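Structure file my_file11.txt; described as compact mmCIF, C-alpha atoms.
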```
# COMPACT_ATOMS: atom_id res chain seq x y z
CA MET A 1 79.77 139.08 53.79
CA ARG A 2 82.45 140.41 56.20
CA PRO A 3 84.36 137.99 58.45
CA ARG A 4 83.32 137.89 62.10
CA SER A 5 86.84 138.74 63.30
CA ALA A 6 89.49 140.79 61.60
CA GLY A 7 92.15 138.60 63.23
CA THR A 8 90.88 135.44 61.58
CA PRO A 9 93.38 134.38 58.89
CA ASP A 10 90.85 132.30 56.96
CA ALA A 11 87.22 133.08 57.49
CA SER A 12 86.13 130.29 55.14
CA ARG A 13 87.66 127.56 57.36
CA PRO A 14 84.88 125.40 58.85
CA THR A 15 84.34 125.28 62.56
CA GLY A 16 86.34 122.53 64.33
CA VAL A 17 89.84 121.36 64.86
CA PRO A 18 91.97 121.39 61.68
CA ALA A 19 92.44 117.95 60.22
CA SER A 20 96.19 118.45 59.91
CA ARG A 21 96.54 118.65 63.66
CA HIS A 22 97.63 115.55 65.56
CA PRO A 23 97.47 115.46 69.35
CA ALA A 24 101.00 114.11 69.53
CA GLY A 25 102.40 116.28 66.73
CA PRO A 26 105.44 118.47 67.16
CA ALA A 27 105.09 121.81 68.84
CA SER A 28 106.71 123.44 65.84
CA ASP A 29 103.38 123.11 64.01
CA GLY A 30 102.32 126.22 65.84
CA PRO A 31 100.51 127.08 69.05
CA ALA A 32 97.07 125.71 69.63
CA SER A 33 95.32 127.26 72.60
CA ALA A 34 91.81 128.30 73.45
CA SER A 35 92.88 131.94 73.24
CA ASP A 36 94.01 131.63 69.61
CA PRO A 37 92.18 134.42 67.73
CA GLY A 38 91.87 132.13 64.69
CA ARG A 39 89.94 129.48 66.63
CA PRO A 40 86.14 129.73 66.33
CA SER A 41 84.17 130.10 69.49
CA GLY A 42 83.40 126.80 71.24
CA ALA A 43 86.02 124.73 69.40
CA PRO A 44 87.98 122.42 71.72
CA PRO A 45 91.66 123.19 72.30
CA VAL A 46 94.17 121.00 70.52
CA PRO A 47 96.33 119.23 73.10
CA GLY A 48 100.07 118.92 72.70
CA PRO A 49 102.56 116.50 74.27
CA ALA A 50 104.66 119.18 75.85
CA THR A 51 103.62 120.68 79.15
CA ALA A 52 102.03 124.09 79.29
CA GLY A 53 104.42 126.96 79.06
CA THR A 54 107.14 124.80 77.49
CA ALA A 55 108.76 125.93 74.26
CA ARG A 56 110.61 122.68 73.60
CA PRO A 57 109.60 120.89 70.39
CA ALA A 58 108.12 117.45 70.85
CA GLY A 59 110.28 115.83 68.19
CA LEU A 60 113.59 114.18 68.94
CA ARG A 61 116.42 116.58 68.22
CA ARG A 62 119.49 115.33 66.44
CA ARG A 63 121.86 116.71 69.05
CA TRP A 64 120.20 114.65 71.79
CA LEU A 65 120.25 111.55 69.62
CA ALA A 66 123.95 112.14 68.95
CA ALA A 67 124.55 112.65 72.67
CA GLY A 68 122.85 109.35 73.47
CA LEU A 69 124.86 107.44 70.88
CA GLY A 70 128.03 109.13 72.12
CA ALA A 71 127.25 108.07 75.69
CA VAL A 72 126.85 104.46 74.52
CA LEU A 73 130.20 104.54 72.71
CA VAL A 74 131.95 106.02 75.76
CA ALA A 75 130.39 103.37 77.99
CA VAL A 76 131.54 100.57 75.67
CA VAL A 77 135.14 101.77 75.46
CA ALA A 78 135.33 102.50 79.20
CA GLY A 79 133.69 99.21 80.15
CA VAL A 80 136.08 97.18 78.01
CA SER A 81 139.21 99.16 78.93
CA LEU A 82 138.85 99.34 82.71
CA GLY A 83 139.17 96.36 85.02
CA PRO A 84 141.71 94.29 86.96
CA VAL A 85 143.85 94.40 83.81
CA SER A 86 143.79 97.93 82.40
CA LEU A 87 144.00 98.20 78.62
CA PRO A 88 144.78 101.32 76.52
CA PRO A 89 141.48 102.87 75.36
CA GLY A 90 142.92 103.53 71.88
CA SER A 91 143.92 99.90 71.46
CA VAL A 92 140.55 98.76 72.73
CA ALA A 93 138.75 101.05 70.28
CA ALA A 94 140.85 99.65 67.43
CA GLU A 95 140.11 96.08 68.50
CA LEU A 96 136.39 96.84 68.64
CA LEU A 97 136.54 98.30 65.14
CA ASN A 98 138.16 95.07 63.99
CA LEU A 99 134.87 93.34 64.79
CA LEU A 100 133.27 95.23 61.90
CA PRO A 101 133.29 93.50 58.49
CA GLY A 102 136.15 94.64 56.28
CA VAL A 103 138.07 96.48 59.06
CA HIS A 104 141.61 95.33 59.83
CA LEU A 105 143.56 97.53 62.27
CA ASP A 106 146.65 96.84 64.31
CA SER A 107 145.44 97.30 67.89
CA GLY A 108 148.73 96.31 69.49
CA LEU A 109 147.00 93.92 71.90
CA THR A 110 148.31 90.45 72.60
CA THR A 111 146.27 87.33 71.97
CA GLY A 112 145.38 87.09 75.65
CA GLU A 113 144.34 90.75 75.82
CA THR A 114 142.25 90.32 72.69
CA ALA A 115 140.45 87.40 74.35
CA ILE A 116 139.79 89.55 77.41
CA VAL A 117 138.22 92.20 75.19
CA THR A 118 136.04 90.02 72.99
CA GLU A 119 135.17 87.06 75.23
CA LEU A 120 135.04 88.49 78.77
CA ARG A 121 134.46 92.22 78.96
CA LEU A 122 132.55 93.00 75.78
CA PRO A 123 129.71 90.51 76.49
CA ARG A 124 129.37 91.98 79.98
CA VAL A 125 129.23 95.53 78.63
CA VAL A 126 126.68 94.61 75.96
CA LEU A 127 124.54 92.86 78.58
CA GLY A 128 124.71 96.00 80.71
CA LEU A 129 123.57 98.08 77.73
CA LEU A 130 120.61 95.79 77.09
CA VAL A 131 119.53 95.52 80.74
CA GLY A 132 119.91 99.25 81.36
CA ALA A 133 117.98 100.09 78.20
CA LEU A 134 115.16 97.71 79.16
CA LEU A 135 114.84 99.03 82.71
CA ALA A 136 114.92 102.68 81.61
CA LEU A 137 112.46 102.07 78.77
CA ALA A 138 110.09 100.19 81.08
CA GLY A 139 110.35 102.95 83.67
CA GLY A 140 109.44 105.63 81.14
CA ALA A 141 106.53 103.53 79.84
CA TYR A 142 105.16 102.86 83.34
CA GLN A 143 105.37 106.54 84.26
CA GLY A 144 103.37 107.42 81.16
CA VAL A 145 100.81 104.64 81.53
CA PHE A 146 100.11 105.28 85.22
CA ARG A 147 100.70 109.04 85.05
CA ASN A 148 102.84 108.56 88.13
CA PRO A 149 106.32 110.15 88.23
CA LEU A 150 107.51 107.59 90.80
CA ALA A 151 106.50 104.48 88.84
CA ASP A 152 109.36 102.06 88.22
CA PRO A 153 109.79 98.71 86.41
CA TYR A 154 109.12 96.72 89.59
CA LEU A 155 105.77 98.38 90.26
CA LEU A 156 103.53 95.40 89.43
CA GLY A 157 105.30 92.81 91.59
CA VAL A 158 108.04 91.87 89.13
CA ALA A 159 110.77 92.09 91.78
CA ALA A 160 108.80 90.13 94.37
CA GLY A 161 107.88 87.40 91.90
CA ALA A 162 111.44 87.01 90.70
CA GLY A 163 112.79 87.07 94.24
CA LEU A 164 110.42 84.37 95.44
CA ALA A 165 111.11 82.11 92.45
CA VAL A 166 114.88 82.42 92.76
CA THR A 167 114.75 81.90 96.52
CA ALA A 168 112.69 78.74 96.00
CA VAL A 169 115.11 77.37 93.39
CA ILE A 170 118.20 78.01 95.51
CA SER A 171 116.71 77.12 98.91
CA LEU A 172 114.71 74.02 98.06
CA GLY A 173 117.46 72.44 95.94
CA ALA A 174 120.80 71.17 97.17
CA ALA A 175 123.49 73.82 97.40
CA GLY A 176 125.64 72.07 94.84
CA ALA A 177 122.78 71.76 92.39
CA ALA A 178 121.94 75.44 92.83
CA LEU A 179 125.51 76.44 92.07
CA THR A 180 125.91 74.20 89.04
CA GLY A 181 122.55 75.26 87.62
CA LEU A 182 123.00 78.95 88.33
CA SER A 183 123.65 79.81 84.69
CA LEU A 184 120.31 78.39 83.54
CA THR A 185 117.92 77.46 86.34
CA VAL A 186 118.03 80.74 88.28
CA PRO A 187 117.46 83.06 85.27
CA LEU A 188 114.61 80.84 84.08
CA ALA A 189 113.02 80.88 87.54
CA ALA A 190 113.36 84.67 87.73
CA PHE A 191 111.73 85.09 84.33
CA VAL A 192 108.81 82.79 85.11
CA GLY A 193 108.34 84.27 88.59
CA SER A 194 108.30 87.83 87.21
CA LEU A 195 105.69 87.10 84.57
CA GLY A 196 103.65 85.08 87.07
CA ALA A 197 103.56 88.03 89.46
CA VAL A 198 102.44 90.39 86.69
CA ALA A 199 99.69 87.94 85.71
CA MET A 200 98.48 87.80 89.33
CA THR A 201 98.48 91.58 89.51
CA TYR A 202 96.48 91.84 86.30
CA VAL A 203 93.88 89.30 87.40
CA LEU A 204 93.51 90.96 90.79
CA GLY A 205 93.43 94.45 89.31
CA VAL A 206 90.68 93.83 86.77
CA ALA A 207 88.49 91.44 88.76
CA GLY A 208 85.10 92.98 89.39
CA ALA A 209 86.25 96.46 88.42
CA ARG A 210 84.08 97.80 85.63
CA GLY A 211 85.41 101.34 85.97
CA ARG A 212 89.01 100.35 86.63
CA SER A 213 91.73 102.97 86.62
CA PRO A 214 95.54 102.92 86.64
CA ALA A 215 95.44 103.22 90.44
CA THR A 216 93.67 99.85 90.62
CA LEU A 217 96.63 98.05 89.07
CA ILE A 218 99.08 99.88 91.31
CA LEU A 219 97.21 98.80 94.43
CA ALA A 220 96.99 95.24 93.11
CA GLY A 221 100.74 95.29 92.53
CA VAL A 222 101.35 96.39 96.10
CA ALA A 223 99.16 93.57 97.42
CA VAL A 224 100.83 90.92 95.24
CA SER A 225 104.30 92.18 96.17
CA ALA A 226 103.49 91.98 99.87
CA PHE A 227 102.16 88.43 99.53
CA LEU A 228 105.14 87.17 97.50
CA SER A 229 107.67 88.94 99.72
CA ALA A 230 106.17 87.19 102.73
CA GLY A 231 106.66 83.85 101.00
CA GLN A 232 110.27 84.72 100.22
CA THR A 233 110.94 85.72 103.82
CA TYR A 234 109.48 82.42 105.03
CA LEU A 235 111.73 80.42 102.71
CA LEU A 236 114.82 82.35 103.81
CA GLN A 237 113.95 81.79 107.45
CA ARG A 238 113.52 78.06 106.89
CA HIS A 239 116.70 77.73 104.81
CA SER A 240 119.14 80.19 106.34
CA ASP A 241 122.13 78.39 104.79
CA SER A 242 121.13 79.73 101.34
CA ILE A 243 120.82 83.40 102.37
CA GLN A 244 124.22 84.38 100.94
CA LEU A 245 123.45 82.82 97.56
CA VAL A 246 120.03 84.45 97.40
CA TYR A 247 121.26 87.91 98.34
CA SER A 248 124.16 87.74 95.91
CA TRP A 249 121.51 87.51 93.19
CA LEU A 250 119.03 89.96 94.72
CA LEU A 251 121.66 92.72 94.88
CA GLY A 252 122.22 92.49 91.13
CA ARG A 253 125.18 91.49 89.00
CA LEU A 254 126.25 91.48 85.37
CA ALA A 255 128.62 88.53 85.49
CA THR A 256 128.50 86.56 82.25
CA ALA A 257 130.09 83.40 80.91
CA GLY A 258 130.31 84.77 77.37
CA TRP A 259 127.69 85.74 74.82
CA HIS A 260 125.07 83.22 76.00
CA ASP A 261 123.24 85.62 78.33
CA VAL A 262 123.29 88.36 75.72
CA LEU A 263 121.66 86.10 73.14
CA LEU A 264 118.97 85.10 75.65
CA VAL A 265 118.01 88.71 76.44
CA LEU A 266 118.27 90.08 72.89
CA PRO A 267 114.92 88.78 71.51
CA TYR A 268 112.99 90.18 74.49
CA PHE A 269 114.83 93.47 74.15
CA ALA A 270 113.90 93.72 70.48
CA LEU A 271 110.23 92.86 71.08
CA THR A 272 109.86 95.26 74.01
CA ALA A 273 111.60 98.12 72.22
CA VAL A 274 109.51 97.74 69.05
CA VAL A 275 106.16 97.60 70.86
CA VAL A 276 106.84 100.46 73.27
CA LEU A 277 108.44 102.78 70.74
CA LEU A 278 105.65 102.22 68.21
CA HIS A 279 103.15 103.36 70.87
CA ARG A 280 105.11 106.32 72.21
CA ARG A 281 102.65 108.79 70.63
CA GLU A 282 99.78 107.09 72.45
CA LEU A 283 101.52 107.75 75.77
CA ASP A 284 101.38 111.46 74.98
CA VAL A 285 97.65 111.14 74.39
CA LEU A 286 97.11 109.04 77.54
CA SER A 287 98.74 111.80 79.58
CA LEU A 288 95.69 113.95 78.81
CA GLY A 289 93.34 111.55 80.59
CA ASP A 290 91.16 108.64 79.46
CA ASP A 291 88.17 110.76 78.45
CA GLU A 292 90.24 113.06 76.27
CA ALA A 293 92.14 110.11 74.79
CA ALA A 294 88.89 108.32 73.93
CA SER A 295 87.52 111.47 72.29
CA LEU A 296 90.60 111.53 70.07
CA GLY A 297 89.95 107.99 68.85
CA LEU A 298 92.25 106.05 71.20
CA HIS A 299 91.21 102.98 73.19
CA PRO A 300 92.82 103.84 76.57
CA GLN A 301 92.51 100.47 78.30
CA ARG A 302 93.73 98.46 75.33
CA SER A 303 96.73 100.72 74.79
CA ARG A 304 97.52 100.78 78.51
CA TYR A 305 97.53 97.00 78.92
CA LEU A 306 99.53 96.46 75.75
CA LEU A 307 102.22 98.83 77.00
CA ILE A 308 102.16 97.26 80.47
CA ALA A 309 102.57 93.78 78.96
CA ALA A 310 105.51 94.85 76.79
CA ALA A 311 107.26 96.73 79.61
CA SER A 312 106.72 93.85 82.03
CA LEU A 313 108.12 91.34 79.54
CA GLY A 314 111.25 93.45 79.10
CA THR A 315 111.63 93.90 82.85
CA ALA A 316 111.31 90.17 83.43
CA ALA A 317 114.02 89.49 80.85
CA ALA A 318 116.31 92.08 82.46
CA VAL A 319 115.73 90.68 85.94
CA SER A 320 116.42 87.13 84.79
CA ALA A 321 119.82 88.17 83.43
CA SER A 322 121.02 90.63 86.07
CA GLY A 323 119.04 90.23 89.28
CA LEU A 324 117.28 93.16 90.91
CA ILE A 325 118.87 96.48 89.93
CA GLY A 326 116.82 99.37 91.23
CA PHE A 327 116.39 103.06 90.40
CA VAL A 328 117.48 102.85 86.74
CA GLY A 329 113.86 103.24 85.64
CA ILE A 330 113.51 106.39 87.75
CA ILE A 331 116.87 108.11 87.33
CA VAL A 332 117.19 107.92 83.55
CA PRO A 333 113.66 108.85 82.32
CA HIS A 334 113.46 111.78 84.73
CA THR A 335 116.88 113.07 83.73
CA VAL A 336 115.84 112.91 80.09
CA ARG A 337 112.55 114.65 80.90
CA LEU A 338 114.33 117.47 82.71
CA LEU A 339 116.93 118.02 80.01
CA ALA A 340 115.41 117.10 76.65
CA GLY A 341 111.64 117.54 76.88
CA SER A 342 108.45 116.07 78.27
CA SER A 343 107.10 114.28 75.19
CA TYR A 344 107.35 110.51 75.25
CA ARG A 345 108.51 110.68 71.65
CA VAL A 346 111.69 112.08 73.20
CA ILE A 347 111.76 110.33 76.59
CA LEU A 348 111.51 106.72 75.44
CA PRO A 349 114.23 106.50 72.74
CA LEU A 350 116.66 108.62 74.75
CA SER A 351 115.95 106.58 77.89
CA MET A 352 117.02 103.47 76.02
CA LEU A 353 120.34 105.01 74.97
CA PHE A 354 121.19 106.77 78.22
CA GLY A 355 119.85 103.89 80.33
CA GLY A 356 122.18 101.42 78.66
CA ALA A 357 125.14 103.78 78.99
CA PHE A 358 124.27 104.53 82.63
CA LEU A 359 124.20 100.88 83.69
CA ALA A 360 127.34 99.97 81.75
CA LEU A 361 129.26 102.83 83.40
CA THR A 362 127.78 101.94 86.79
CA ASP A 363 129.08 98.42 86.31
CA VAL A 364 132.56 99.86 85.70
CA VAL A 365 132.34 101.62 89.06
CA ALA A 366 131.08 98.46 90.76
CA ARG A 367 134.02 96.32 89.60
CA THR A 368 136.83 98.87 89.93
CA VAL A 369 136.19 101.01 93.02
CA ALA A 370 137.01 98.15 95.43
CA ALA A 371 139.15 96.02 93.08
CA PRO A 372 139.94 93.16 93.09
CA ALA A 373 136.58 92.69 94.85
CA GLU A 374 133.32 93.71 93.19
CA ILE A 375 130.53 95.75 94.73
CA PRO A 376 127.03 94.51 93.75
CA ILE A 377 125.80 96.82 91.03
CA GLY A 378 122.45 97.16 92.79
CA VAL A 379 124.24 98.79 95.72
CA VAL A 380 125.82 101.39 93.43
CA THR A 381 122.54 102.24 91.71
CA ALA A 382 120.83 102.52 95.11
CA LEU A 383 123.50 104.95 96.34
CA LEU A 384 122.88 107.07 93.25
CA GLY A 385 119.13 106.59 93.22
CA GLY A 386 118.37 107.50 96.82
CA PRO A 387 119.30 111.20 96.50
CA PHE A 388 117.77 111.33 93.02
CA PHE A 389 114.50 109.93 94.40
CA VAL A 390 114.37 112.85 96.83
CA LEU A 391 115.00 115.23 93.92
CA VAL A 392 112.11 113.70 91.99
CA LEU A 393 109.81 114.12 94.96
CA ARG A 394 110.68 117.82 95.11
CA THR A 395 110.47 118.57 91.40
CA SER A 396 107.86 116.17 89.98
CA ARG A 397 104.99 118.58 90.57
CA ARG A 398 106.82 121.37 88.78
CA VAL A 399 107.96 119.17 85.88
CA LEU A 400 104.74 117.28 85.23
CA SER A 401 102.12 119.90 86.11
```
Let me see the file written as structure tokens.
Amino acid sequence: MRPRSAGTPDASRPTGVPASRHPAGPASDGPASASDPGRPSGAPPVPGPATAGTARPAGLRRRWLAAGLGAVLVAVVAGVSLGPVSLPPGSVAAELLNLLPGVHLDSGLTTGETAIVTELRLPRVVLGLLVGALLALAGGAYQGVFRNPLADPYLLGVAAGAGLAVTAVISLGAAGAALTGLSLTVPLAAFVGSLGAVAMTYVLGVAGARGRSPATLILAGVAVSAFLSAGQTYLLQRHSDSIQLVYSWLLGRLATAGWHDVLLVLPYFALTAVVVLLHRRELDVLSLGDDEAASLGLHPQRSRYLLIAAASLGTAAAVSASGLIGFVGIIVPHTVRLLAGSSYRVILPLSMLFGGAFLALTDVVARTVAAPAEIPIGVVTALLGGPFFVLVLRTSRRVLS
């Protein structure tokens, strides 16, 4: 019996989508469109993670991975070398290599300069890498979960919850107690306040909503943020003497007293990174819509809330260590999307690398451009993020359509 179409490469193939196809598989597997002459009539098209008309492969290319790692190395050397006391980058690189087991190089640094490198600047740079990676990773995850190009890590009330908690700790306690407990009490309050705000948003967003959608959580986050921000404003008005302390935290900073802050953030960083990166393929499927995702065997609501919980946990940890640093979760994922591809298999790991490097280099600018004074790092990211936000508004339809 003759095949129905001369263009069909295998007439004995049964009707349906080939089992070897995966909705989040690389584009190099071959095109899969409804106009494919080898596809039987009526078979559903096989979705891909890349946008229509894009020839970029979905997999992570080695050159982009190398570029991300190179950016991290540059940020580390620059962050440790530059400051009130400038150190030779070559000597700093040698001293950093000495931290590796079995490496013994003569860096030429004095004992005091070595202490500056290992005990003062390096912990601050590493904290910047962790916080930047968390904010960028959370931003990319939120944009995929909510299918909203303007989603950022503070979308669900994280910033408002942290701000209210920190304001309460500083304002309601004595000024001296607030200062002496700043290294522990304030970060703990920010962490608890952030998670509390996310919990309120979740309860409000799912209450009585049988057919809930991502927009429901966004609206709940707006309502919770407005309520908590009103409480913060009331506290600041009643305790005006604490405004300077509160705003010094709200504007963001990466000041550390050693490796303590890094060790506190590291477990949350590891947990968030593992959960989000293991579900990066599911974000590609969620971008097709809930009905399509369910037809492909995915549980959309369960995956969405798991990713939201992981991203919110990472954001809360970042906020507790650095204060409110905006725009990192918008600038970095969108830059990666524009340059490297639209699949979340690419966006999420590269956002971690470039996000950490971006914040570490931004911190260098914040502490050197007006030396010996320091500009709050949140001010620097806002100056960079404002114009970029306008760019995203102009290009998001073209990039994500």
Checklist entry - Which distance in Å separates CA of Ser322 in chain A and CA of Val131 in chain A, to one decimal? => result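 We find that CA of Ser322 in chain A and CA of Val131 in chain A lie 7.4 Å from each other.
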Item to check | CA of Asp261 in chain A to CA of Leu306 in chain A, distance in Å rounded to a single decimal | outcome: 26.2 Å
Next on the checklist: I'd like the neighbourhood of Leu150 in chain A as a PyMOL selection string, where a residue qualifies if any of its atoms comes within 8 Å (using all atoms listed in the file), though same-chain residues fewer than 2 positions away should be ignored.
Outcome noted: chain A and resi 143+148+152+330+392
Next on the checklist: One decimal, in Å: what's the spacing between CA of Leu134 in chain A and CA of Ala294 in chain A?
Outcome noted: 28.8 Å
Item to check | Nearest to Thr201 in chain A by atom-to-atom distance, counting all atoms listed in the file, from A:Leu73, A:Ala309, A:Leu97, A:Ala115 | outcome: A:Ala309
